[in-house]
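One file, input_29.cif, is given below (mmCIF, C-alpha atoms).
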data_input
loop_
_atom_site.label_atom_id
_atom_site.label_comp_id
_atom_site.auth_asym_id
_atom_site.auth_seq_id
_atom_site.Cartn_x
_atom_site.Cartn_y
_atom_site.Cartn_z
CA MET A 154 0.00 0.00 0.00
CA THR A 155 1.14 3.46 -0.87
CA SER A 156 1.25 6.01 1.89
CA GLN A 157 -0.01 9.53 1.41
CA ALA A 158 0.27 12.44 3.77
CA THR A 159 -2.89 13.76 5.40
CA SER A 160 -1.68 17.35 5.27
CA ILE A 161 0.93 19.58 3.69
CA GLU A 162 2.91 21.76 6.04
CA PHE A 163 5.55 24.37 5.36
CA THR A 164 7.53 26.01 8.11
CA LEU A 165 8.33 29.68 7.66
CA PRO A 166 11.66 31.10 8.81
CA LEU A 167 11.49 32.49 12.34
CA TRP A 168 13.14 35.78 11.33
CA LEU A 169 10.32 36.39 8.81
CA HIS A 170 7.74 36.62 11.57
CA GLU A 171 9.89 39.03 13.52
CA TYR A 172 10.76 41.16 10.47
CA MET A 173 7.09 41.36 9.52
CA GLN A 174 6.24 42.64 12.97
CA SER A 175 8.52 45.63 12.40
CA CYS A 176 6.00 47.02 9.94
CA GLU A 177 2.32 47.85 9.98
CA SER A 178 1.81 49.90 6.85
CA ILE A 179 3.93 51.68 4.25
CA ILE A 180 2.72 54.58 2.15
CA SER A 181 5.05 54.96 -0.86
CA LEU A 182 5.76 52.32 -3.48
CA ASP A 183 9.50 52.93 -3.13
CA ASP A 184 9.33 52.24 0.59
CA ARG A 185 7.17 49.14 0.11
CA MET A 186 9.76 47.84 -2.33
CA ALA A 187 12.67 48.72 -0.01
CA PHE A 188 10.98 46.66 2.73
CA VAL A 189 10.64 43.71 0.35
CA ILE A 190 14.20 43.95 -1.00
CA LYS A 191 15.49 43.89 2.56
CA ALA A 192 13.58 40.66 3.14
CA ALA A 193 15.14 39.11 0.02
CA GLU A 194 18.57 40.09 1.31
CA ARG A 195 17.79 38.74 4.76
CA ASN A 196 16.61 35.41 3.28
CA VAL A 197 20.08 34.94 1.83
CA ILE A 198 21.92 36.05 4.98
CA GLU A 199 19.86 33.73 7.16
CA GLY A 200 20.39 30.86 4.73
CA THR A 201 16.67 30.21 4.42
CA GLY A 202 16.39 30.38 0.63
CA GLY A 203 16.93 32.19 -2.61
CA PRO A 204 17.31 35.98 -3.10
CA PHE A 205 13.64 36.71 -3.66
CA ALA A 206 10.87 38.22 -1.54
CA ALA A 207 7.34 39.46 -2.13
CA ALA A 208 4.69 41.12 0.00
CA ILE A 209 1.02 41.87 -0.28
CA PHE A 210 -0.28 45.28 0.71
CA GLU A 211 -3.64 46.97 0.64
CA SER A 212 -3.04 49.33 -2.29
CA ASP A 213 -4.74 52.39 -0.81
CA SER A 214 -3.86 52.23 2.88
CA GLY A 215 -0.48 50.54 2.45
CA LYS A 216 -1.37 48.06 5.17
CA LEU A 217 0.98 45.07 5.07
CA ILE A 218 -0.99 41.84 4.75
CA SER A 219 1.67 39.18 4.19
CA LEU A 220 5.33 38.68 3.42
CA GLY A 221 6.82 35.74 1.56
CA VAL A 222 10.33 34.68 0.69
CA ASN A 223 11.63 31.97 -1.59
CA LEU A 224 11.60 28.66 0.29
CA VAL A 225 12.31 26.19 -2.53
CA THR A 226 15.44 24.71 -1.01
CA ALA A 227 14.49 25.16 2.66
CA GLU A 228 11.20 23.31 2.25
CA GLN A 229 12.14 21.15 -0.77
CA ALA A 230 9.16 22.41 -2.73
CA SER A 231 9.55 23.89 -6.20
CA ILE A 232 6.28 25.85 -6.03
CA LEU A 233 7.44 27.90 -3.02
CA HIS A 234 8.55 31.03 -4.83
CA ALA A 235 8.21 34.20 -2.78
CA GLU A 236 5.11 35.33 -4.66
CA MET A 237 3.31 32.03 -4.06
CA VAL A 238 4.13 32.18 -0.36
CA ALA A 239 2.90 35.79 -0.07
CA ILE A 240 -0.33 35.07 -1.97
CA THR A 241 -1.07 31.98 0.10
CA LEU A 242 -0.37 33.69 3.43
CA ALA A 243 -2.63 36.61 2.48
CA GLN A 244 -5.44 34.28 1.46
CA LYS A 245 -5.11 32.29 4.67
CA LYS A 246 -5.16 35.48 6.71
CA LEU A 247 -8.22 36.93 4.98
CA GLY A 248 -9.94 33.54 4.76
CA THR A 249 -10.55 33.69 1.02
CA TYR A 250 -8.90 32.44 -2.16
CA ASP A 251 -10.05 35.65 -3.88
CA LEU A 252 -8.13 38.73 -2.74
CA GLY A 253 -10.27 40.73 -5.18
CA GLY A 254 -13.55 39.50 -3.76
CA ALA A 255 -16.57 41.64 -2.91
CA GLY A 256 -16.18 43.84 0.16
CA LEU A 257 -12.38 43.62 0.26
CA GLN A 258 -9.83 46.38 -0.17
CA GLN A 259 -7.77 46.22 -3.36
CA HIS A 260 -4.57 44.24 -2.88
CA GLU A 261 -1.22 44.45 -4.62
CA LEU A 262 1.84 42.23 -4.86
CA VAL A 263 5.20 43.93 -4.41
CA SER A 264 7.88 41.56 -5.64
CA SER A 265 11.65 42.02 -5.58
CA THR A 266 11.92 40.50 -9.10
CA GLU A 267 9.52 40.16 -12.01
CA PRO A 268 7.51 36.93 -11.79
CA CYS A 269 8.60 33.69 -13.44
CA ALA A 270 6.19 31.78 -15.70
CA MET A 271 4.54 30.00 -12.76
CA CYS A 272 4.03 33.07 -10.59
CA PHE A 273 2.81 35.03 -13.62
CA GLY A 274 0.18 32.34 -14.15
CA ALA A 275 -0.75 32.37 -10.46
CA ILE A 276 -1.45 36.12 -10.32
CA PRO A 277 -4.80 36.12 -12.16
CA TRP A 278 -6.12 33.35 -9.84
CA SER A 279 -5.25 35.29 -6.70
CA GLY A 280 -7.57 38.28 -7.08
CA LEU A 281 -4.67 40.75 -6.94
CA ARG A 282 -5.30 44.14 -8.60
CA ARG A 283 -1.75 45.36 -9.04
CA VAL A 284 1.76 43.92 -9.39
CA VAL A 285 4.81 46.04 -8.54
CA THR A 286 8.27 44.71 -9.41
CA GLY A 287 11.92 45.62 -8.75
CA ALA A 288 14.56 43.66 -10.67
CA ARG A 289 13.69 42.50 -14.17
CA ASP A 290 13.44 38.87 -15.20
CA GLU A 291 16.55 39.44 -17.32
CA ASP A 292 18.39 40.37 -14.10
CA ALA A 293 17.43 36.98 -12.63
CA ARG A 294 18.45 35.19 -15.83
CA GLN A 295 21.74 37.01 -15.77
CA ILE A 296 22.75 35.27 -12.56
CA GLY A 297 21.59 31.91 -13.90
CA PHE A 298 17.97 31.58 -12.81
CA ASP A 299 15.60 30.28 -15.44
CA GLU A 300 12.43 32.39 -15.58
CA GLY A 301 10.52 29.79 -17.55
CA PRO A 302 8.28 29.92 -20.62
CA LYS A 303 6.62 33.25 -19.84
CA PRO A 304 4.93 35.13 -22.70
CA GLU A 305 6.94 38.08 -24.03
CA ASP A 306 3.93 40.34 -23.48
CA TRP A 307 3.21 39.22 -19.91
CA ARG A 308 2.55 42.78 -18.81
CA SER A 309 -0.22 43.27 -21.35
CA GLU A 310 -1.67 39.84 -20.53
CA LEU A 311 -2.11 41.04 -16.95
CA SER A 312 -3.36 44.48 -18.00
CA ARG A 313 -5.98 42.79 -20.18
CA ARG A 314 -7.19 41.16 -16.99
CA GLN A 315 -7.40 44.53 -15.26
CA ILE A 316 -4.27 43.87 -13.25
CA GLU A 317 -2.03 46.92 -13.25
CA VAL A 318 1.71 46.33 -13.65
CA VAL A 319 4.35 48.73 -12.33
CA THR A 320 7.95 47.74 -13.06
CA ASP A 321 11.51 48.93 -12.27
CA ILE A 322 10.81 50.21 -8.74
CA ASN A 323 14.20 50.35 -7.00
CA ARG A 324 15.51 48.07 -9.74
CA ASP A 325 19.19 48.74 -8.97
CA GLU A 326 18.86 47.81 -5.31
CA ALA A 327 16.82 44.72 -6.18
CA ARG A 328 19.34 43.61 -8.79
CA GLN A 329 22.17 44.10 -6.35
CA VAL A 330 20.69 41.44 -4.08
CA LEU A 331 20.77 39.00 -7.01
CA ILE A 332 24.34 39.89 -7.91
CA ASN A 333 25.48 39.51 -4.29
CA TYR A 334 23.80 36.11 -4.05
CA ARG A 335 25.59 34.92 -7.15
CA SER A 336 28.97 36.25 -6.10
CA GLN A 337 28.65 34.54 -2.70
CA GLY A 338 28.17 31.25 -4.54
CA GLY A 339 24.44 30.97 -3.79
CA LYS A 340 22.72 27.89 -5.16
CA ILE A 341 20.96 28.35 -8.51
CA TYR A 342 18.22 25.81 -7.90
CA ASN A 343 16.74 25.20 -11.32
CA SER A 344 15.33 21.69 -11.42
CA ARG A 345 16.36 18.70 -13.54
CA GLU A 346 19.91 18.91 -12.39
CA ALA A 347 20.41 15.39 -13.62
CA GLY A 348 19.96 16.89 -17.11
CA MET B 43 1.98 45.17 14.83
CA THR B 44 1.10 42.94 11.95
CA SER B 45 0.77 39.27 12.65
CA GLN B 46 2.23 36.66 10.36
CA ALA B 47 1.77 32.93 10.52
CA THR B 48 4.79 30.80 11.41
CA SER B 49 3.74 28.00 9.06
CA ILE B 50 1.41 27.21 6.19
CA GLU B 51 -0.74 24.15 6.58
CA PHE B 52 -3.18 22.54 4.20
CA THR B 53 -5.40 19.67 5.21
CA LEU B 54 -6.00 17.00 2.62
CA PRO B 55 -9.39 15.29 2.33
CA LEU B 56 -9.58 12.08 4.36
CA TRP B 57 -10.97 10.09 1.44
CA LEU B 58 -7.86 10.96 -0.61
CA HIS B 59 -5.61 9.05 1.76
CA GLU B 60 -7.88 6.02 1.65
CA TYR B 61 -8.32 6.15 -2.13
CA MET B 62 -4.56 6.40 -2.59
CA GLN B 63 -4.06 3.31 -0.47
CA SER B 64 -6.15 1.33 -2.94
CA CYS B 65 -3.32 1.53 -5.44
CA GLU B 66 0.36 0.69 -5.47
CA SER B 67 1.31 0.85 -9.13
CA ILE B 68 -0.45 1.02 -12.50
CA ILE B 69 1.10 -0.15 -15.75
CA SER B 70 -0.84 1.37 -18.65
CA LEU B 71 -1.34 5.09 -19.28
CA ASP B 72 -5.07 4.54 -19.79
CA ASP B 73 -5.35 2.91 -16.39
CA ARG B 74 -3.26 5.62 -14.70
CA MET B 75 -5.61 8.19 -16.19
CA ALA B 76 -8.72 6.24 -15.18
CA PHE B 77 -7.44 6.23 -11.58
CA VAL B 78 -6.93 10.01 -11.72
CA ILE B 79 -10.30 10.74 -13.35
CA LYS B 80 -12.01 8.73 -10.60
CA ALA B 81 -10.27 10.95 -8.02
CA ALA B 82 -11.54 14.08 -9.81
CA GLU B 83 -15.05 12.66 -9.74
CA ARG B 84 -14.73 11.72 -6.09
CA ASN B 85 -13.53 15.23 -5.20
CA VAL B 86 -16.82 16.60 -6.49
CA ILE B 87 -18.96 13.91 -4.83
CA GLU B 88 -17.25 14.45 -1.48
CA GLY B 89 -17.62 18.22 -1.81
CA THR B 90 -13.91 18.77 -1.25
CA GLY B 91 -13.20 20.87 -4.34
CA GLY B 92 -13.28 21.30 -8.10
CA PRO B 93 -13.45 18.53 -10.73
CA PHE B 94 -9.72 18.13 -11.19
CA ALA B 95 -7.15 15.56 -10.05
CA ALA B 96 -3.53 14.78 -10.84
CA ALA B 97 -1.10 12.09 -9.79
CA ILE B 98 2.61 11.50 -10.03
CA PHE B 99 3.91 8.11 -11.08
CA GLU B 100 7.31 6.66 -11.76
CA SER B 101 7.15 6.48 -15.55
CA ASP B 102 8.77 3.08 -15.95
CA SER B 103 7.47 1.08 -13.00
CA GLY B 104 4.11 2.83 -12.76
CA LYS B 105 4.58 3.20 -9.02
CA LEU B 106 2.17 5.78 -7.62
CA ILE B 107 4.02 8.51 -5.75
CA SER B 108 1.36 11.09 -4.96
CA LEU B 109 -2.20 12.08 -5.69
CA GLY B 110 -3.58 15.61 -5.64
CA VAL B 111 -7.01 17.10 -6.12
CA ASN B 112 -8.14 20.67 -6.52
CA LEU B 113 -8.46 22.26 -3.07
CA VAL B 114 -8.93 25.95 -3.97
CA THR B 115 -12.27 26.36 -2.24
CA ALA B 116 -11.74 23.82 0.54
CA GLU B 117 -8.47 25.44 1.67
CA GLN B 118 -9.14 28.99 0.42
CA ALA B 119 -5.91 29.01 -1.56
CA SER B 120 -5.85 29.85 -5.25
CA ILE B 121 -2.55 28.03 -5.88
CA LEU B 122 -3.97 24.67 -4.81
CA HIS B 123 -4.73 23.22 -8.20
CA ALA B 124 -4.52 19.44 -8.38
CA GLU B 125 -1.19 19.51 -10.20
CA MET B 126 0.41 21.78 -7.58
CA VAL B 127 -0.81 19.51 -4.78
CA ALA B 128 0.50 16.38 -6.52
CA ILE B 129 3.89 17.96 -7.26
CA THR B 130 4.28 19.20 -3.71
CA LEU B 131 3.26 15.91 -2.11
CA ALA B 132 5.73 14.02 -4.33
CA GLN B 133 8.56 16.39 -3.46
CA LYS B 134 7.77 16.14 0.25
CA LYS B 135 7.70 12.36 0.01
CA LEU B 136 10.99 12.08 -1.87
CA GLY B 137 12.60 14.89 0.14
CA THR B 138 13.64 16.94 -2.88
CA TYR B 139 12.32 19.88 -4.89
CA ASP B 140 13.76 18.24 -8.02
CA LEU B 141 11.85 15.14 -9.12
CA GLY B 142 14.33 14.88 -12.00
CA GLY B 143 17.37 14.91 -9.75
CA ALA B 144 20.35 12.58 -9.98
CA GLY B 145 19.69 9.01 -8.87
CA LEU B 146 15.90 9.26 -9.10
CA GLN B 147 13.52 7.37 -11.35
CA GLN B 148 11.84 9.45 -14.05
CA HIS B 149 8.55 10.90 -12.88
CA GLU B 150 5.43 11.87 -14.76
CA LEU B 151 2.35 13.92 -14.00
CA VAL B 152 -0.97 12.41 -15.03
CA SER B 153 -3.60 15.14 -14.94
CA SER B 154 -7.32 14.87 -15.60
CA THR B 155 -7.26 18.16 -17.57
CA GLU B 156 -4.53 20.05 -19.42
CA PRO B 157 -2.69 22.48 -17.13
CA CYS B 158 -3.70 26.12 -16.68
CA ALA B 159 -1.13 28.89 -17.10
CA MET B 160 0.12 28.55 -13.50
CA CYS B 161 0.48 24.78 -13.50
CA PHE B 162 2.10 24.92 -16.94
CA GLY B 163 4.68 27.31 -15.49
CA ALA B 164 5.19 25.09 -12.44
CA ILE B 165 5.99 21.94 -14.44
CA PRO B 166 9.54 22.91 -15.54
CA TRP B 167 10.46 23.75 -11.90
CA SER B 168 9.32 20.37 -10.62
CA GLY B 169 11.77 18.08 -12.40
CA LEU B 170 8.96 16.10 -14.07
CA ARG B 171 9.92 14.30 -17.31
CA ARG B 172 6.49 13.69 -18.80
CA VAL B 173 3.00 15.20 -18.63
CA VAL B 174 -0.04 13.10 -19.54
CA THR B 175 -3.44 14.81 -19.85
CA GLY B 176 -7.09 13.82 -20.27
CA ALA B 177 -9.57 16.63 -20.98
CA ARG B 178 -8.33 19.60 -23.02
CA ASP B 179 -8.13 23.13 -21.70
CA GLU B 180 -10.96 24.01 -24.08
CA ASP B 181 -13.11 21.45 -22.25
CA ALA B 182 -12.46 23.30 -18.98
CA ARG B 183 -13.17 26.64 -20.62
CA GLN B 184 -16.39 25.26 -22.03
CA ILE B 185 -17.82 24.84 -18.53
CA GLY B 186 -16.65 28.31 -17.51
CA PHE B 187 -13.18 27.82 -16.03
CA ASP B 188 -10.57 30.32 -17.10
CA GLU B 189 -7.33 28.59 -18.09
CA GLY B 190 -5.30 31.78 -17.92
CA PRO B 191 -2.71 33.36 -20.22
CA LYS B 192 -1.04 30.14 -21.34
CA PRO B 193 1.04 30.21 -24.54
CA GLU B 194 -0.72 28.67 -27.55
CA ASP B 195 2.30 26.42 -28.12
CA TRP B 196 2.57 25.22 -24.50
CA ARG B 197 3.24 21.66 -25.61
CA SER B 198 6.30 22.65 -27.63
CA GLU B 199 7.52 24.91 -24.81
CA LEU B 200 7.59 21.82 -22.58
CA SER B 201 9.07 19.59 -25.30
CA ARG B 202 11.85 22.13 -25.78
CA ARG B 203 12.65 21.56 -22.10
CA GLN B 204 12.78 17.80 -22.65
CA ILE B 205 9.42 17.27 -21.00
CA GLU B 206 7.32 14.88 -23.05
CA VAL B 207 3.62 15.73 -23.44
CA VAL B 208 0.94 13.12 -24.11
CA THR B 209 -2.59 14.49 -24.52
CA ASP B 210 -6.16 13.19 -24.99
CA ILE B 211 -5.81 10.07 -22.83
CA ASN B 212 -9.40 9.06 -21.92
CA ARG B 213 -10.47 12.56 -22.93
CA ASP B 214 -14.17 11.71 -23.14
CA GLU B 215 -14.29 10.30 -19.62
CA ALA B 216 -12.29 13.23 -18.26
CA ARG B 217 -14.52 15.75 -20.00
CA GLN B 218 -17.62 14.03 -18.66
CA VAL B 219 -16.50 14.80 -15.10
CA LEU B 220 -16.33 18.50 -16.02
CA ILE B 221 -19.75 18.43 -17.69
CA ASN B 222 -21.31 16.67 -14.71
CA TYR B 223 -19.79 19.21 -12.32
CA ARG B 224 -21.28 22.06 -14.31
CA SER B 225 -24.71 20.48 -14.65
CA GLN B 226 -24.83 19.87 -10.89
CA GLY B 227 -24.28 23.61 -10.37
CA GLY B 228 -20.67 23.24 -9.18
CA LYS B 229 -18.92 26.47 -8.28
CA ILE B 230 -16.78 28.01 -11.04
CA TYR B 231 -14.22 29.61 -8.75
CA ASN B 232 -12.36 32.05 -10.96
CA SER B 233 -11.12 34.91 -8.82
CA ARG B 234 -11.99 38.59 -8.91
CA GLU B 235 -15.66 37.85 -8.50
CA ALA B 236 -16.15 41.45 -7.50
CA GLY B 237 -15.24 42.27 -11.14
#

Please express what this file holds, its structure, as structure tokens.
Amino acid sequence: MTSQATSIEFTLPLWLHEYMQSCESIISLDDRMAFVIKAAERNVIEGTGGPFAAAIFESDSGKLISLGVNLVTAEQASILHAEMVAITLAQKKLGTYDLGGAGLQQHELVSSTEPCAMCFGAIPWSGLRRVVTGARDEDARQIGFDEGPKPEDWRSELSRRQIEVVTDINRDEARQVLINYRSQGGKIYNSREAG
Amino acid sequence: MTSQATSIEFTLPLWLHEYMQSCESIISLDDRMAFVIKAAERNVIEGTGGPFAAAIFESDSGKLISLGVNLVTAEQASILHAEMVAITLAQKKLGTYDLGGAGLQQHELVSSTEPCAMCFGAIPWSGLRRVVTGARDEDARQIGFDEGPKPEDWRSELSRRQIEVVTDINRDEARQVLINYRSQGGKIYNSREAG
């Protein structure tokens, strides 16, 4: 007989909880991004995962709803990109799979790097109204990360779904985190390493 | 201060564990798909989620590694498509984010419907070597599910990454599960219901 788990559990880094508590709300987009970039940096320093972070804010009030970091290697789960963690934590917190549902504030994802193909595909399902990014996908590719088979016109695909896209916020700082990761010999954890 | 969870936990339906135990390995692709389609059907009957299921098998031996069903509404998490659940359970079980890693058997995803944009993007990160599908994405769209901004040539995008794609296995039976779900008034849980 084949065993199957009865639940799926992921442990979040302890520092994430503490770092999140340092913030209640952030008004400007630049400051929201700075907060997220610092989390990406911290994820590397603490050795809890790749150089990526993402947070969900209420767009108007700037209230911080959730913060995710990349946990692929820490939790041995390839779906655990920072964006997926942030989306899932926000949905758990608000008790709904639809962050754009009736009666809710509008929510936005602030991500230290442009989404890969998977996270791009996850955004329309989440109910998010806006996506704000720092480093470009080409910055991630430059240090060896594969961004996957994402459509060239991913921005317009989201816009067509009434999801606003704002790119290049603090791009230099966000890219620097990627460059530092690479130069410290950080693991580039694309799958299929057996070729 | 803003609270943040210290873990993410998803509960799997009890019947899933029991159903999984009914099977150890399955030789033919048709029979693997029949097993998966039955899980999709069961997910609807039990009221635990949408009409989708996916399993991971060792391609050569047919050994069943994991079984996932759609848990979006049950767990209030938009990322919990059947494929994502199956991939994650397999990686947890084998202790690696890379199902195509050195020293492992080749693994395949058998999914009752072709992947949406998110699951398509997740496949290259998982280490899977083959994807086998039943109903087409147009069959899902026909009952009202949005399949997302997936490239038209998604099959060749996967092939280019040395991931084999086999479609239309038991398509009629797989499609029937979707049609039944719709005719029973099953929830079509695309997000952004507030418009």

Write out, as a Markdown table, each residue of segment 168-250 of chain A that has an atom at most 12 Å from segment 330-336 of chain A, together with the closest pair of atoms and their distance in Å to one decimal, counting only C-alpha atoms, rows going by chain and rising number.
| residue | atom | partner | partner_atom | distance |
| --- | --- | --- | --- | --- |
| A:Ala187 | CA | A:Val330 | CA | 11.6 |
| A:Val189 | CA | A:Val330 | CA | 11.2 |
| A:Ile190 | CA | A:Val330 | CA | 7.6 |
| A:Lys191 | CA | A:Val330 | CA | 8.8 |
| A:Ala192 | CA | A:Val330 | CA | 10.2 |
| A:Ala193 | CA | A:Val330 | CA | 7.3 |
| A:Glu194 | CA | A:Val330 | CA | 5.9 |
| A:Arg195 | CA | A:Val330 | CA | 9.7 |
| A:Asn196 | CA | A:Tyr334 | CA | 10.3 |
| A:Val197 | CA | A:Tyr334 | CA | 7.1 |
| A:Ile198 | CA | A:Tyr334 | CA | 9.2 |
| A:Gly200 | CA | A:Tyr334 | CA | 10.8 |
| A:Gly202 | CA | A:Tyr334 | CA | 10.5 |
| A:Gly203 | CA | A:Tyr334 | CA | 8.0 |
| A:Pro204 | CA | A:Leu331 | CA | 6.0 |
| A:Phe205 | CA | A:Leu331 | CA | 8.2 |
| A:Ala206 | CA | A:Val330 | CA | 10.6 |

Filtering to C-alpha atoms, could you give me those residues as a PDB file, in the coordinates of the input?
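This went into again.pdb:
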ATOM      1  CA  ALA A 187      12.670  48.720  -0.010  1.00  0.00           C
ATOM      2  CA  VAL A 189      10.640  43.710   0.350  1.00  0.00           C
ATOM      3  CA  ILE A 190      14.200  43.950  -1.000  1.00  0.00           C
ATOM      4  CA  LYS A 191      15.490  43.890   2.560  1.00  0.00           C
ATOM      5  CA  ALA A 192      13.580  40.660   3.140  1.00  0.00           C
ATOM      6  CA  ALA A 193      15.140  39.110   0.020  1.00  0.00           C
ATOM      7  CA  GLU A 194      18.570  40.090   1.310  1.00  0.00           C
ATOM      8  CA  ARG A 195      17.790  38.740   4.760  1.00  0.00           C
ATOM      9  CA  ASN A 196      16.610  35.410   3.280  1.00  0.00           C
ATOM     10  CA  VAL A 197      20.080  34.940   1.830  1.00  0.00           C
ATOM     11  CA  ILE A 198      21.920  36.050   4.980  1.00  0.00           C
ATOM     12  CA  GLY A 200      20.390  30.860   4.730  1.00  0.00           C
ATOM     13  CA  GLY A 202      16.390  30.380   0.630  1.00  0.00           C
ATOM     14  CA  GLY A 203      16.930  32.190  -2.610  1.00  0.00           C
ATOM     15  CA  PRO A 204      17.310  35.980  -3.100  1.00  0.00           C
ATOM     16  CA  PHE A 205      13.640  36.710  -3.660  1.00  0.00           C
ATOM     17  CA  ALA A 206      10.870  38.220  -1.540  1.00  0.00           C
TER      18      ALA A 206
END

Can you write out as a Markdown table which residues of chain B fall within 6 Å of chain A, alongside each residue's closest atom pair and its distance in Å to one decimal, counting all atoms listed in the file and ordering rows by chain and ascending residue number?
| residue | atom | partner | partner_atom | distance |
| --- | --- | --- | --- | --- |
| B:Met43 | CA | A:Gln174 | CA | 5.3 |
| B:Thr44 | CA | A:Gln174 | CA | 5.2 |
| B:Gln46 | CA | A:His170 | CA | 5.6 |
| B:Thr48 | CA | A:Leu165 | CA | 5.3 |
| B:Ser49 | CA | A:Thr164 | CA | 4.4 |
| B:Ile50 | CA | A:Phe163 | CA | 5.1 |
| B:Glu51 | CA | A:Glu162 | CA | 4.4 |
| B:Phe52 | CA | A:Ile161 | CA | 5.1 |
| B:Thr53 | CA | A:Ser160 | CA | 4.4 |
| B:Leu54 | CA | A:Ser160 | CA | 5.1 |
| B:His59 | CA | A:Gln157 | CA | 5.6 |
| B:Gln63 | CA | A:Thr155 | CA | 5.2 |
| B:Glu66 | CA | A:Thr155 | CA | 5.4 |
| B:Gln118 | CA | A:Tyr250 | CA | 4.3 |
| B:Ala119 | CA | A:Tyr250 | CA | 4.6 |
| B:Ser120 | CA | A:Tyr250 | CA | 5.1 |
| B:Thr130 | CA | A:Ala230 | CA | 5.9 |
| B:Thr138 | CA | A:Gln229 | CA | 4.9 |
| B:Tyr139 | CA | A:Gln229 | CA | 4.3 |
| B:Asp140 | CA | A:Ser344 | CA | 5.1 |
| B:Gly142 | CA | A:Arg345 | CA | 4.6 |
| B:Gly143 | CA | A:Ala347 | CA | 4.9 |
| B:Ala144 | CA | A:Ala347 | CA | 4.6 |
| B:Ala159 | CA | A:Gly274 | CA | 4.7 |
| B:Met160 | CA | A:Gly274 | CA | 3.8 |
| B:Gly163 | CA | A:Met271 | CA | 3.8 |
| B:Ala164 | CA | A:Met271 | CA | 5.0 |
| B:Trp167 | CA | A:Ser344 | CA | 5.3 |
| B:Ser168 | CA | A:Ser231 | CA | 5.7 |
| B:Gly169 | CA | A:Arg345 | CA | 4.8 |
| B:Ser233 | CA | A:Asp251 | CA | 5.1 |
| B:Arg234 | CA | A:Gly253 | CA | 4.6 |
| B:Glu235 | CA | A:Gly254 | CA | 5.4 |
| B:Ala236 | CA | A:Ala255 | CA | 4.6 |

statement: LSQ fit chain B -> chain A, all C-alpha atoms paired sequentially, RMSD 0.0 Å

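Minimum atom-to-atom distance to Glu206 of chain B, evaluated using only C-alpha atoms, belongs to B:Val152 out of B:Ile230, B:Ala128, B:Val152, B:Ala97.
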
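Of the listed residues (B:Glu125, B:Glu88, B:Asp181, B:Asp102), B:Asp181 comes nearest to Asp210 of chain B; the distances count all atoms listed in the file.
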
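The interatomic distance for the pair atom CA of Val111 of chain B and atom CA of Asn223 of chain A works out to 24.3 Å.
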
statement: Students should find that atom CA of Gly287 of chain A and atom CA of Asp325 of chain A are spaced 7.9 Å

field: Computed interatomic separation between atom CA of Lys340 of chain A and atom CA of Asn323 of chain A (Å)
entry: 24.1 Å

What would segment 91-102 of chain B look like with N, CA and C atoms restored, written as a short mmCIF file (atom, residue, chain, number, x, y, z; two decimals), keeping the file's coordinate frame?
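Listing of out.cif after writing:
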data_model
loop_
_atom_site.label_atom_id
_atom_site.label_comp_id
_atom_site.auth_asym_id
_atom_site.auth_seq_id
_atom_site.Cartn_x
_atom_site.Cartn_y
_atom_site.Cartn_z
N GLY B 91 -13.83 19.94 -3.41
CA GLY B 91 -13.20 20.87 -4.34
C GLY B 91 -13.67 20.70 -5.77
N GLY B 92 -12.93 21.31 -6.68
CA GLY B 92 -13.28 21.30 -8.10
C GLY B 92 -13.02 19.96 -8.77
N PRO B 93 -13.47 19.82 -10.02
CA PRO B 93 -13.45 18.53 -10.73
C PRO B 93 -12.11 18.20 -11.39
N PHE B 94 -11.05 18.34 -10.63
CA PHE B 94 -9.72 18.13 -11.19
C PHE B 94 -8.87 17.27 -10.25
N ALA B 95 -8.09 16.36 -10.83
CA ALA B 95 -7.15 15.56 -10.05
C ALA B 95 -5.89 15.35 -10.87
N ALA B 96 -4.81 15.03 -10.18
CA ALA B 96 -3.53 14.78 -10.84
C ALA B 96 -2.70 13.87 -9.95
N ALA B 97 -1.94 13.00 -10.57
CA ALA B 97 -1.10 12.09 -9.79
C ALA B 97 0.30 12.05 -10.38
N ILE B 98 1.24 11.69 -9.54
CA ILE B 98 2.61 11.50 -10.03
C ILE B 98 2.99 10.03 -9.91
N PHE B 99 3.48 9.50 -11.01
CA PHE B 99 3.91 8.11 -11.08
C PHE B 99 5.38 8.05 -11.50
N GLU B 100 6.05 6.99 -11.10
CA GLU B 100 7.31 6.66 -11.76
C GLU B 100 6.95 6.18 -13.16
N SER B 101 7.55 6.79 -14.17
CA SER B 101 7.15 6.48 -15.55
C SER B 101 7.34 5.00 -15.89
N ASP B 102 8.47 4.45 -15.54
CA ASP B 102 8.77 3.08 -15.95
C ASP B 102 8.01 2.02 -15.14
#
